[in-house]
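*Asks:* So I've got this file, upload_9.cif, and it contains mmCIF, N, CA and C atoms:
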data_my_file
loop_
_atom_site.label_atom_id
_atom_site.label_comp_id
_atom_site.auth_asym_id
_atom_site.auth_seq_id
_atom_site.Cartn_x
_atom_site.Cartn_y
_atom_site.Cartn_z
N MET L 136 -16.93 7.41 -5.06
CA MET L 136 -15.69 6.96 -5.66
C MET L 136 -14.57 7.97 -5.45
N THR L 137 -14.90 9.23 -5.33
CA THR L 137 -13.86 10.24 -5.20
C THR L 137 -13.06 10.09 -3.91
N THR L 138 -13.69 9.68 -2.81
CA THR L 138 -12.94 9.47 -1.57
C THR L 138 -11.89 8.39 -1.76
N HIS L 139 -12.26 7.31 -2.38
CA HIS L 139 -11.29 6.24 -2.63
C HIS L 139 -10.17 6.73 -3.53
N ASN L 140 -10.52 7.49 -4.55
CA ASN L 140 -9.50 7.99 -5.47
C ASN L 140 -8.54 8.96 -4.79
N LEU L 141 -9.00 9.66 -3.77
CA LEU L 141 -8.11 10.56 -3.03
C LEU L 141 -7.20 9.79 -2.07
N ILE L 142 -7.73 8.76 -1.45
CA ILE L 142 -7.00 8.05 -0.40
C ILE L 142 -6.07 6.98 -0.96
N ASN L 143 -6.43 6.40 -2.10
CA ASN L 143 -5.72 5.19 -2.56
C ASN L 143 -4.26 5.41 -2.92
N HIS L 144 -3.81 6.64 -3.03
CA HIS L 144 -2.40 6.88 -3.35
C HIS L 144 -1.50 6.82 -2.11
N PHE L 145 -2.07 7.07 -0.95
CA PHE L 145 -1.26 7.07 0.27
C PHE L 145 -0.61 5.72 0.58
N PRO L 146 -1.32 4.59 0.41
CA PRO L 146 -0.65 3.31 0.68
C PRO L 146 0.48 3.01 -0.31
N LEU L 147 0.53 3.73 -1.40
CA LEU L 147 1.62 3.56 -2.36
C LEU L 147 2.78 4.50 -2.03
N LEU L 148 2.45 5.72 -1.57
CA LEU L 148 3.47 6.73 -1.34
C LEU L 148 4.21 6.55 -0.01
N PHE L 149 3.50 6.15 1.05
CA PHE L 149 4.15 6.00 2.34
C PHE L 149 5.25 4.94 2.34
N PRO L 150 5.05 3.77 1.72
CA PRO L 150 6.16 2.81 1.69
C PRO L 150 7.36 3.31 0.89
N ILE L 151 7.11 4.08 -0.17
CA ILE L 151 8.23 4.63 -0.94
C ILE L 151 9.01 5.62 -0.07
N ALA L 152 8.29 6.51 0.61
CA ALA L 152 8.94 7.47 1.49
C ALA L 152 9.68 6.75 2.61
N GLY L 153 9.03 5.74 3.21
CA GLY L 153 9.66 4.98 4.27
C GLY L 153 10.91 4.26 3.81
N PHE L 154 10.87 3.73 2.59
CA PHE L 154 12.03 3.04 2.02
C PHE L 154 13.22 3.99 1.90
N ILE L 155 12.95 5.19 1.40
CA ILE L 155 14.02 6.19 1.23
C ILE L 155 14.58 6.60 2.60
N VAL L 156 13.69 6.87 3.54
CA VAL L 156 14.12 7.26 4.89
C VAL L 156 14.89 6.12 5.54
N LEU L 157 14.44 4.89 5.36
CA LEU L 157 15.14 3.74 5.94
C LEU L 157 16.53 3.58 5.35
N LEU L 158 16.66 3.78 4.04
CA LEU L 158 17.99 3.74 3.42
C LEU L 158 18.92 4.76 4.05
N ILE L 159 18.41 5.96 4.24
CA ILE L 159 19.22 7.02 4.85
C ILE L 159 19.60 6.62 6.28
N GLY L 160 18.63 6.09 7.03
CA GLY L 160 18.90 5.68 8.41
C GLY L 160 19.92 4.57 8.51
N VAL L 161 19.86 3.61 7.60
CA VAL L 161 20.81 2.50 7.62
C VAL L 161 22.21 2.98 7.25
N PHE L 162 22.30 3.79 6.19
CA PHE L 162 23.62 4.24 5.75
C PHE L 162 24.26 5.23 6.72
N THR L 163 23.47 6.02 7.41
CA THR L 163 24.02 6.96 8.38
C THR L 163 24.09 6.35 9.79
N ARG L 164 23.52 5.14 9.93
CA ARG L 164 23.45 4.45 11.23
C ARG L 164 22.79 5.32 12.29
N ASN L 165 21.72 5.96 11.88
CA ASN L 165 20.98 6.87 12.76
C ASN L 165 19.68 6.18 13.18
N GLU L 166 19.58 5.83 14.45
CA GLU L 166 18.42 5.11 14.96
C GLU L 166 17.14 5.95 14.85
N LEU L 167 17.24 7.25 15.08
CA LEU L 167 16.06 8.10 15.00
C LEU L 167 15.48 8.11 13.58
N VAL L 168 16.35 8.15 12.60
CA VAL L 168 15.90 8.15 11.20
C VAL L 168 15.27 6.79 10.87
N LYS L 169 15.87 5.71 11.35
CA LYS L 169 15.28 4.39 11.12
C LYS L 169 13.91 4.28 11.80
N ARG L 170 13.79 4.79 13.00
CA ARG L 170 12.49 4.76 13.69
C ARG L 170 11.45 5.57 12.94
N THR L 171 11.90 6.67 12.34
CA THR L 171 10.98 7.47 11.52
C THR L 171 10.47 6.65 10.34
N ALA L 172 11.34 5.89 9.72
CA ALA L 172 10.94 5.02 8.61
C ALA L 172 9.95 3.96 9.10
N TYR L 173 10.23 3.37 10.25
CA TYR L 173 9.31 2.38 10.81
C TYR L 173 7.93 3.01 11.05
N PHE L 174 7.95 4.23 11.55
CA PHE L 174 6.69 4.93 11.80
C PHE L 174 5.94 5.16 10.49
N LEU L 175 6.65 5.53 9.43
CA LEU L 175 6.01 5.73 8.13
C LEU L 175 5.38 4.43 7.63
N PHE L 176 6.01 3.31 7.90
CA PHE L 176 5.45 2.02 7.48
C PHE L 176 4.19 1.68 8.28
N VAL L 177 4.18 2.05 9.56
CA VAL L 177 2.98 1.83 10.38
C VAL L 177 1.84 2.69 9.85
N ILE L 178 2.14 3.95 9.54
CA ILE L 178 1.12 4.84 8.97
C ILE L 178 0.62 4.27 7.64
N ALA L 179 1.53 3.71 6.85
CA ALA L 179 1.16 3.13 5.56
C ALA L 179 0.12 2.03 5.74
N ALA L 180 0.27 1.23 6.79
CA ALA L 180 -0.70 0.16 7.04
C ALA L 180 -2.08 0.75 7.34
N PHE L 181 -2.12 1.84 8.09
CA PHE L 181 -3.41 2.48 8.38
C PHE L 181 -4.03 3.08 7.12
N THR L 182 -3.20 3.64 6.24
CA THR L 182 -3.75 4.20 5.00
C THR L 182 -4.24 3.09 4.08
N ALA L 183 -3.61 1.92 4.15
CA ALA L 183 -4.08 0.77 3.36
C ALA L 183 -5.47 0.36 3.84
N TYR L 184 -5.65 0.36 5.15
CA TYR L 184 -6.97 0.04 5.70
C TYR L 184 -8.02 1.05 5.22
N ALA L 185 -7.67 2.33 5.26
CA ALA L 185 -8.60 3.37 4.81
C ALA L 185 -8.94 3.22 3.34
N SER L 186 -7.95 2.87 2.56
CA SER L 186 -8.18 2.69 1.12
C SER L 186 -9.12 1.51 0.87
N MET L 187 -8.92 0.42 1.60
CA MET L 187 -9.82 -0.73 1.45
C MET L 187 -11.24 -0.37 1.89
N ALA L 188 -11.36 0.38 2.97
CA ALA L 188 -12.68 0.75 3.49
C ALA L 188 -13.44 1.63 2.51
N THR L 189 -12.75 2.55 1.86
CA THR L 189 -13.42 3.42 0.89
C THR L 189 -13.62 2.72 -0.45
N GLY L 190 -12.86 1.66 -0.68
CA GLY L 190 -13.01 0.91 -1.93
C GLY L 190 -14.36 0.25 -2.06
N GLU L 191 -14.96 -0.14 -0.95
CA GLU L 191 -16.28 -0.77 -1.00
C GLU L 191 -17.33 0.19 -1.55
N GLY L 192 -17.28 1.44 -1.12
CA GLY L 192 -18.22 2.44 -1.63
C GLY L 192 -18.01 2.72 -3.12
N ALA L 193 -16.74 2.79 -3.51
CA ALA L 193 -16.44 3.00 -4.93
C ALA L 193 -16.92 1.82 -5.76
N GLU L 194 -16.78 0.63 -5.22
CA GLU L 194 -17.24 -0.57 -5.92
C GLU L 194 -18.75 -0.52 -6.14
N ASP L 195 -19.49 -0.12 -5.12
CA ASP L 195 -20.95 -0.03 -5.23
C ASP L 195 -21.36 0.96 -6.32
N GLU L 196 -20.67 2.10 -6.37
CA GLU L 196 -20.96 3.10 -7.40
C GLU L 196 -20.70 2.55 -8.80
N LEU L 197 -19.61 1.83 -8.96
CA LEU L 197 -19.26 1.31 -10.28
C LEU L 197 -20.16 0.15 -10.70
N HIS L 198 -20.60 -0.66 -9.74
CA HIS L 198 -21.52 -1.75 -10.08
C HIS L 198 -22.84 -1.19 -10.61
N ALA L 199 -23.19 0.02 -10.18
CA ALA L 199 -24.43 0.64 -10.66
C ALA L 199 -24.37 0.93 -12.15
N LEU L 200 -23.17 0.99 -12.72
CA LEU L 200 -23.04 1.24 -14.17
C LEU L 200 -23.45 0.02 -14.99
N LYS L 201 -23.50 -1.14 -14.36
CA LYS L 201 -23.91 -2.40 -15.01
C LYS L 201 -23.11 -2.68 -16.28
N ASN L 202 -21.81 -2.49 -16.18
CA ASN L 202 -20.92 -2.78 -17.29
C ASN L 202 -20.13 -4.04 -16.94
N PRO L 203 -20.34 -5.14 -17.67
CA PRO L 203 -19.66 -6.40 -17.32
C PRO L 203 -18.14 -6.31 -17.39
N THR L 204 -17.62 -5.50 -18.30
CA THR L 204 -16.16 -5.35 -18.41
C THR L 204 -15.62 -4.68 -17.15
N ILE L 205 -16.26 -3.61 -16.73
CA ILE L 205 -15.82 -2.90 -15.52
C ILE L 205 -16.01 -3.78 -14.29
N ASN L 206 -17.12 -4.52 -14.24
CA ASN L 206 -17.35 -5.39 -13.09
C ASN L 206 -16.26 -6.45 -12.95
N HIS L 207 -15.80 -6.99 -14.09
CA HIS L 207 -14.70 -7.97 -14.05
C HIS L 207 -13.41 -7.29 -13.57
N GLU L 208 -13.15 -6.09 -14.07
CA GLU L 208 -11.94 -5.36 -13.66
C GLU L 208 -11.99 -4.99 -12.19
N ILE L 209 -13.17 -4.68 -11.68
CA ILE L 209 -13.31 -4.38 -10.26
C ILE L 209 -12.93 -5.60 -9.44
N HIS L 210 -13.41 -6.76 -9.86
CA HIS L 210 -13.09 -7.99 -9.14
C HIS L 210 -11.58 -8.24 -9.15
N GLU L 211 -10.96 -8.08 -10.30
CA GLU L 211 -9.51 -8.28 -10.40
C GLU L 211 -8.76 -7.30 -9.50
N HIS L 212 -9.19 -6.04 -9.52
CA HIS L 212 -8.55 -5.01 -8.69
C HIS L 212 -8.72 -5.33 -7.21
N GLU L 213 -9.90 -5.77 -6.83
CA GLU L 213 -10.17 -6.10 -5.44
C GLU L 213 -9.30 -7.27 -4.96
N GLU L 214 -9.13 -8.28 -5.81
CA GLU L 214 -8.27 -9.42 -5.46
C GLU L 214 -6.82 -8.96 -5.23
N ARG L 215 -6.33 -8.11 -6.13
CA ARG L 215 -4.96 -7.61 -5.98
C ARG L 215 -4.84 -6.74 -4.73
N ALA L 216 -5.85 -5.92 -4.48
CA ALA L 216 -5.83 -5.02 -3.33
C ALA L 216 -5.84 -5.80 -2.02
N GLU L 217 -6.58 -6.89 -1.97
CA GLU L 217 -6.62 -7.69 -0.74
C GLU L 217 -5.26 -8.30 -0.43
N LEU L 218 -4.56 -8.79 -1.43
CA LEU L 218 -3.22 -9.32 -1.21
C LEU L 218 -2.27 -8.20 -0.77
N PHE L 219 -2.34 -7.08 -1.47
CA PHE L 219 -1.51 -5.92 -1.15
C PHE L 219 -1.71 -5.48 0.29
N VAL L 220 -2.97 -5.39 0.73
CA VAL L 220 -3.26 -4.87 2.06
C VAL L 220 -2.76 -5.82 3.14
N TRP L 221 -2.80 -7.12 2.91
CA TRP L 221 -2.27 -8.05 3.92
C TRP L 221 -0.76 -7.90 4.08
N PHE L 222 -0.08 -7.68 2.99
CA PHE L 222 1.36 -7.41 3.07
C PHE L 222 1.62 -6.09 3.78
N MET L 223 0.76 -5.10 3.54
CA MET L 223 0.90 -3.81 4.21
C MET L 223 0.68 -3.95 5.71
N TYR L 224 -0.30 -4.75 6.12
CA TYR L 224 -0.53 -4.99 7.55
C TYR L 224 0.69 -5.68 8.17
N GLY L 225 1.25 -6.63 7.44
CA GLY L 225 2.46 -7.30 7.93
C GLY L 225 3.62 -6.32 8.08
N LEU L 226 3.78 -5.45 7.10
CA LEU L 226 4.84 -4.44 7.16
C LEU L 226 4.62 -3.51 8.36
N GLY L 227 3.39 -3.10 8.58
CA GLY L 227 3.09 -2.22 9.71
C GLY L 227 3.38 -2.90 11.04
N GLY L 228 2.98 -4.16 11.17
CA GLY L 228 3.21 -4.90 12.41
C GLY L 228 4.69 -5.13 12.68
N ILE L 229 5.41 -5.57 11.67
CA ILE L 229 6.85 -5.82 11.85
C ILE L 229 7.59 -4.52 12.10
N SER L 230 7.15 -3.45 11.47
CA SER L 230 7.78 -2.14 11.69
C SER L 230 7.55 -1.66 13.12
N LEU L 231 6.37 -1.92 13.64
CA LEU L 231 6.09 -1.56 15.02
C LEU L 231 7.01 -2.34 15.97
N LEU L 232 7.17 -3.62 15.69
CA LEU L 232 8.10 -4.43 16.50
C LEU L 232 9.54 -3.93 16.36
N ALA L 233 9.94 -3.56 15.15
CA ALA L 233 11.29 -3.06 14.93
C ALA L 233 11.50 -1.73 15.66
N MET L 234 10.47 -0.90 15.68
CA MET L 234 10.57 0.37 16.40
C MET L 234 10.78 0.12 17.89
N LEU L 235 10.00 -0.81 18.44
CA LEU L 235 10.14 -1.15 19.86
C LEU L 235 11.51 -1.77 20.15
N ALA L 236 11.98 -2.62 19.25
CA ALA L 236 13.30 -3.24 19.42
C ALA L 236 14.40 -2.18 19.35
N SER L 237 14.23 -1.21 18.49
CA SER L 237 15.21 -0.13 18.38
C SER L 237 15.27 0.69 19.66
N TRP L 238 14.11 1.00 20.22
CA TRP L 238 14.07 1.77 21.47
C TRP L 238 14.71 0.99 22.62
N SER L 239 14.46 -0.30 22.67
CA SER L 239 14.98 -1.10 23.78
C SER L 239 16.34 -1.71 23.47
N LYS L 240 16.90 -1.36 22.33
CA LYS L 240 18.23 -1.81 21.91
C LYS L 240 18.34 -3.34 21.87
N LYS L 241 17.34 -3.98 21.32
CA LYS L 241 17.32 -5.44 21.18
C LYS L 241 17.98 -5.84 19.86
N SER L 242 18.71 -6.93 19.88
CA SER L 242 19.42 -7.38 18.68
C SER L 242 18.47 -7.93 17.61
N ILE L 243 17.24 -8.20 17.99
CA ILE L 243 16.29 -8.75 17.01
C ILE L 243 15.96 -7.72 15.92
N GLU L 244 16.25 -6.45 16.18
CA GLU L 244 15.94 -5.42 15.19
C GLU L 244 16.59 -5.70 13.85
N LYS L 245 17.82 -6.22 13.84
CA LYS L 245 18.50 -6.47 12.55
C LYS L 245 17.76 -7.52 11.73
N TYR L 246 17.15 -8.51 12.40
CA TYR L 246 16.37 -9.52 11.68
C TYR L 246 15.05 -8.94 11.19
N LEU L 247 14.46 -8.12 12.01
CA LEU L 247 13.22 -7.45 11.60
C LEU L 247 13.49 -6.52 10.42
N LEU L 248 14.65 -5.89 10.44
CA LEU L 248 15.03 -4.99 9.34
C LEU L 248 15.10 -5.75 8.02
N TRP L 249 15.66 -6.95 8.04
CA TRP L 249 15.72 -7.76 6.81
C TRP L 249 14.31 -8.13 6.34
N SER L 250 13.44 -8.44 7.28
CA SER L 250 12.05 -8.74 6.92
C SER L 250 11.39 -7.53 6.29
N ILE L 251 11.68 -6.37 6.84
CA ILE L 251 11.10 -5.12 6.31
C ILE L 251 11.58 -4.88 4.89
N TRP L 252 12.88 -5.10 4.63
CA TRP L 252 13.39 -4.91 3.27
C TRP L 252 12.64 -5.80 2.27
N VAL L 253 12.46 -7.05 2.64
CA VAL L 253 11.77 -8.00 1.76
C VAL L 253 10.32 -7.56 1.55
N LEU L 254 9.65 -7.19 2.64
CA LEU L 254 8.26 -6.75 2.53
C LEU L 254 8.11 -5.49 1.69
N VAL L 255 9.00 -4.54 1.89
CA VAL L 255 8.90 -3.28 1.13
C VAL L 255 9.09 -3.54 -0.36
N LEU L 256 10.03 -4.38 -0.72
CA LEU L 256 10.23 -4.68 -2.14
C LEU L 256 9.03 -5.43 -2.72
N THR L 257 8.50 -6.36 -1.95
CA THR L 257 7.31 -7.09 -2.39
C THR L 257 6.13 -6.14 -2.54
N ILE L 258 5.97 -5.27 -1.56
CA ILE L 258 4.88 -4.29 -1.58
C ILE L 258 5.03 -3.34 -2.76
N GLY L 259 6.26 -3.03 -3.12
CA GLY L 259 6.47 -2.17 -4.29
C GLY L 259 5.85 -2.78 -5.53
N TYR L 260 6.08 -4.06 -5.73
CA TYR L 260 5.48 -4.73 -6.88
C TYR L 260 3.96 -4.84 -6.74
N LEU L 261 3.51 -5.29 -5.56
CA LEU L 261 2.06 -5.47 -5.36
C LEU L 261 1.32 -4.13 -5.46
N GLY L 262 1.93 -3.08 -4.98
CA GLY L 262 1.32 -1.75 -5.09
C GLY L 262 1.21 -1.31 -6.54
N TYR L 263 2.27 -1.55 -7.30
CA TYR L 263 2.23 -1.23 -8.73
C TYR L 263 1.11 -2.01 -9.42
N ASP L 264 1.04 -3.30 -9.14
CA ASP L 264 0.05 -4.16 -9.78
C ASP L 264 -1.37 -3.74 -9.40
N THR L 265 -1.58 -3.44 -8.13
CA THR L 265 -2.90 -3.01 -7.66
C THR L 265 -3.27 -1.67 -8.27
N GLY L 266 -2.33 -0.73 -8.27
CA GLY L 266 -2.59 0.58 -8.84
C GLY L 266 -2.88 0.52 -10.34
N ARG L 267 -2.15 -0.32 -11.04
CA ARG L 267 -2.36 -0.48 -12.48
C ARG L 267 -3.75 -1.01 -12.76
N SER L 268 -4.17 -2.02 -11.97
CA SER L 268 -5.51 -2.59 -12.20
C SER L 268 -6.60 -1.58 -11.86
N GLY L 269 -6.37 -0.74 -10.84
CA GLY L 269 -7.34 0.31 -10.52
C GLY L 269 -7.37 1.39 -11.59
N GLY L 270 -6.22 1.67 -12.17
CA GLY L 270 -6.16 2.65 -13.26
C GLY L 270 -6.95 2.21 -14.47
N HIS L 271 -6.97 0.91 -14.74
CA HIS L 271 -7.77 0.39 -15.85
C HIS L 271 -9.25 0.67 -15.63
N ILE L 272 -9.68 0.55 -14.39
CA ILE L 272 -11.09 0.81 -14.07
C ILE L 272 -11.42 2.27 -14.33
N VAL L 273 -10.59 3.15 -13.82
CA VAL L 273 -10.82 4.59 -14.00
C VAL L 273 -10.82 4.93 -15.48
N HIS L 274 -9.89 4.36 -16.23
CA HIS L 274 -9.80 4.62 -17.66
C HIS L 274 -11.06 4.15 -18.39
N ASP L 275 -11.52 2.95 -18.05
CA ASP L 275 -12.73 2.42 -18.70
C ASP L 275 -13.97 3.24 -18.37
N VAL L 276 -14.07 3.71 -17.13
CA VAL L 276 -15.21 4.55 -16.75
C VAL L 276 -15.17 5.86 -17.51
N ALA L 277 -13.98 6.44 -17.65
CA ALA L 277 -13.84 7.70 -18.39
C ALA L 277 -14.21 7.51 -19.85
N LEU L 278 -13.80 6.38 -20.45
CA LEU L 278 -14.15 6.11 -21.84
C LEU L 278 -15.67 5.95 -21.99
N LYS L 279 -16.29 5.26 -21.04
CA LYS L 279 -17.73 5.05 -21.10
C LYS L 279 -18.48 6.38 -20.98
N LYS L 280 -18.04 7.22 -20.08
CA LYS L 280 -18.68 8.54 -19.92
C LYS L 280 -18.46 9.39 -21.15
N GLY L 281 -17.25 9.30 -21.74
CA GLY L 281 -16.96 10.06 -22.94
C GLY L 281 -17.80 9.64 -24.13
N SER L 282 -18.08 8.35 -24.25
CA SER L 282 -18.88 7.86 -25.37
C SER L 282 -20.35 8.20 -25.17
N GLN L 283 -20.79 8.45 -23.94
CA GLN L 283 -22.18 8.81 -23.68
C GLN L 283 -22.45 10.26 -24.03
N THR L 284 -21.42 11.10 -24.01
CA THR L 284 -21.63 12.53 -24.31
C THR L 284 -21.60 12.82 -25.78
N GLU L 285 -21.16 11.88 -26.60
CA GLU L 285 -21.08 12.14 -28.04
C GLU L 285 -22.42 11.99 -28.72
#
Could you rewrite the structure in this file as structure tokens?

*Replies:*
Amino acid sequence: MTTHNLINHFPLLFPIAGFIVLLIGVFTRNELVKRTAYFLFVIAAFTAYASMATGEGAEDELHALKNPTINHEIHEHEERAELFVWFMYGLGGISLLAMLASWSKKSIEKYLLWSIWVLVLTIGYLGYDTGRSGGHIVHDVALKKGSQTE
């Protein structure tokens, strides 16, 4: 579970960093800064994949506790994470296209940029929701361990 707990913050942090960098790039009209933001979004998609991959191992560890409350929360968290990760993959793919369009000076970049704004805002909410549901699991496990030591 510790690997998942270490990795799971990156898919939340990279889109925030990319959003800030993209704002700077748009307001300064600096293509290099915008490309950097696109690159951060592509990296975010890879970190989302890593978080999902390590989540399976964490799930197996928590199922071993045989706690029906935690098992239900795991299912809820997994459902939210699957939706979140698909949006992250979309953001990574569109960002890659936007990066290529920026390099080749294609006008389609402005449309891709609007798609990225929508995806980043959606991902902000989905990331919050996924993280909150995962936090409930960690909190419940900590409470269970604490009650066992008394």

*Asks:* Between L:Tyr224, L:Ile243, L:Leu167, L:His139, single out the one closest to Glu191 in chain L, counting all atoms listed in the file.

*Replies:*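 Residue with the minimum atom-to-atom distance to Glu191 in chain L: L:His139.
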
*Asks:* What is the distance between CA of Thr257 in chain L and CA of Pro150 in chain L, in Å to one decimal?

*Replies:* 10.8 Å

*Asks:* When the PyMOL selection byres (((chain L and resi 142 and name CA) around 9) and name CA) is applied to the file above, which residues end up in the set, as a ChimeraX atom specification?

*Replies:* /L:137-141,143-146,182-183,185-186,189

*Asks:* Go ahead and write the selection's residues with N, CA and C atoms as a short mmCIF file (atom, residue, chain, number, x, y, z; two decimals), in the frame of the given file.

*Replies:*
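Written file, result-v7.cif:
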data_model
loop_
_atom_site.label_atom_id
_atom_site.label_comp_id
_atom_site.auth_asym_id
_atom_site.auth_seq_id
_atom_site.Cartn_x
_atom_site.Cartn_y
_atom_site.Cartn_z
N THR L 137 -14.90 9.23 -5.33
CA THR L 137 -13.86 10.24 -5.20
C THR L 137 -13.06 10.09 -3.91
N THR L 138 -13.69 9.68 -2.81
CA THR L 138 -12.94 9.47 -1.57
C THR L 138 -11.89 8.39 -1.76
N HIS L 139 -12.26 7.31 -2.38
CA HIS L 139 -11.29 6.24 -2.63
C HIS L 139 -10.17 6.73 -3.53
N ASN L 140 -10.52 7.49 -4.55
CA ASN L 140 -9.50 7.99 -5.47
C ASN L 140 -8.54 8.96 -4.79
N LEU L 141 -9.00 9.66 -3.77
CA LEU L 141 -8.11 10.56 -3.03
C LEU L 141 -7.20 9.79 -2.07
N ASN L 143 -6.43 6.40 -2.10
CA ASN L 143 -5.72 5.19 -2.56
C ASN L 143 -4.26 5.41 -2.92
N HIS L 144 -3.81 6.64 -3.03
CA HIS L 144 -2.40 6.88 -3.35
C HIS L 144 -1.50 6.82 -2.11
N PHE L 145 -2.07 7.07 -0.95
CA PHE L 145 -1.26 7.07 0.27
C PHE L 145 -0.61 5.72 0.58
N PRO L 146 -1.32 4.59 0.41
CA PRO L 146 -0.65 3.31 0.68
C PRO L 146 0.48 3.01 -0.31
N THR L 182 -3.20 3.64 6.24
CA THR L 182 -3.75 4.20 5.00
C THR L 182 -4.24 3.09 4.08
N ALA L 183 -3.61 1.92 4.15
CA ALA L 183 -4.08 0.77 3.36
C ALA L 183 -5.47 0.36 3.84
N ALA L 185 -7.67 2.33 5.26
CA ALA L 185 -8.60 3.37 4.81
C ALA L 185 -8.94 3.22 3.34
N SER L 186 -7.95 2.87 2.56
CA SER L 186 -8.18 2.69 1.12
C SER L 186 -9.12 1.51 0.87
N THR L 189 -12.75 2.55 1.86
CA THR L 189 -13.42 3.42 0.89
C THR L 189 -13.62 2.72 -0.45
#

*Asks:* What is the atom N of Trp238 in chain L-atom C of Leu256 in chain L distance in Å, reported with one decimal?

*Replies:* 24.4 Å

*Asks:* Excluding same-chain residues fewer than 6 positions from Ile151 in chain L, what lies within 10 Å of it counting only C-alpha atoms, as a PyMOL selection string?

*Replies:* chain L and resi 145+157+172+175-176+179+255-256+258-259

*Asks:* Using all atoms listed in the file, find the one residue out of L:Phe162, L:Ile209, L:Asp195, L:Thr171 that sits nearest to Gly269 in chain L.

*Replies:* L:Ile209

*Asks:* Distance CA of Val253 in chain L-CA of Leu226 in chain L, one decimal place?

*Replies:*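 Distance between the two atoms: 9.5 Å.
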
*Asks:* Looking at L:Tyr173, L:Tyr246, L:Phe181, L:Tyr263, which one is nearest to Phe154 in chain L, with distances taken over only N, CA and C atoms?

*Replies:*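 Selected residue with least distance to Phe154 in chain L: L:Tyr173.
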
*Asks:* Kindly complete range 253-258 of chain L to all heavy atoms; the output should be written as a CSV table (one decimal), in the coordinates of the input.

*Replies:*
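Final output, saved to part_3.csv:
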chain,number,residue,atom,x,y,z
L,253,VAL,N,12.5,-7.0,2.6
L,253,VAL,CA,11.8,-8.0,1.8
L,253,VAL,C,10.3,-7.6,1.6
L,253,VAL,O,9.8,-7.6,0.4
L,253,VAL,CB,11.8,-9.4,2.3
L,253,VAL,CG1,10.9,-10.4,1.6
L,253,VAL,CG2,13.3,-9.9,2.3
L,254,LEU,N,9.6,-7.2,2.6
L,254,LEU,CA,8.3,-6.8,2.5
L,254,LEU,C,8.1,-5.5,1.7
L,254,LEU,O,7.2,-5.4,0.9
L,254,LEU,CB,7.7,-6.5,3.9
L,254,LEU,CG,7.2,-7.8,4.7
L,254,LEU,CD1,6.8,-7.4,6.1
L,254,LEU,CD2,6.1,-8.5,4.0
L,255,VAL,N,9.0,-4.5,1.9
L,255,VAL,CA,8.9,-3.3,1.1
L,255,VAL,C,9.1,-3.5,-0.4
L,255,VAL,O,8.4,-3.0,-1.2
L,255,VAL,CB,9.9,-2.2,1.6
L,255,VAL,CG1,10.0,-1.1,0.7
L,255,VAL,CG2,9.5,-1.8,3.0
L,256,LEU,N,10.0,-4.4,-0.7
L,256,LEU,CA,10.2,-4.7,-2.1
L,256,LEU,C,9.0,-5.4,-2.7
L,256,LEU,O,8.6,-5.2,-3.8
L,256,LEU,CB,11.5,-5.5,-2.3
L,256,LEU,CG,12.8,-4.7,-2.0
L,256,LEU,CD1,14.0,-5.6,-2.1
L,256,LEU,CD2,12.9,-3.5,-2.9
L,257,THR,N,8.5,-6.4,-2.0
L,257,THR,CA,7.3,-7.1,-2.4
L,257,THR,C,6.1,-6.1,-2.5
L,257,THR,O,5.4,-6.2,-3.5
L,257,THR,CB,7.0,-8.2,-1.4
L,257,THR,OG1,8.1,-9.1,-1.3
L,257,THR,CG2,5.8,-9.0,-1.9
L,258,ILE,N,6.0,-5.3,-1.6
L,258,ILE,CA,4.9,-4.3,-1.6
L,258,ILE,C,5.0,-3.3,-2.8
L,258,ILE,O,4.0,-2.9,-3.3
L,258,ILE,CB,4.8,-3.6,-0.2
L,258,ILE,CG1,4.2,-4.5,0.8
L,258,ILE,CG2,4.1,-2.2,-0.3
L,258,ILE,CD1,4.3,-4.0,2.2
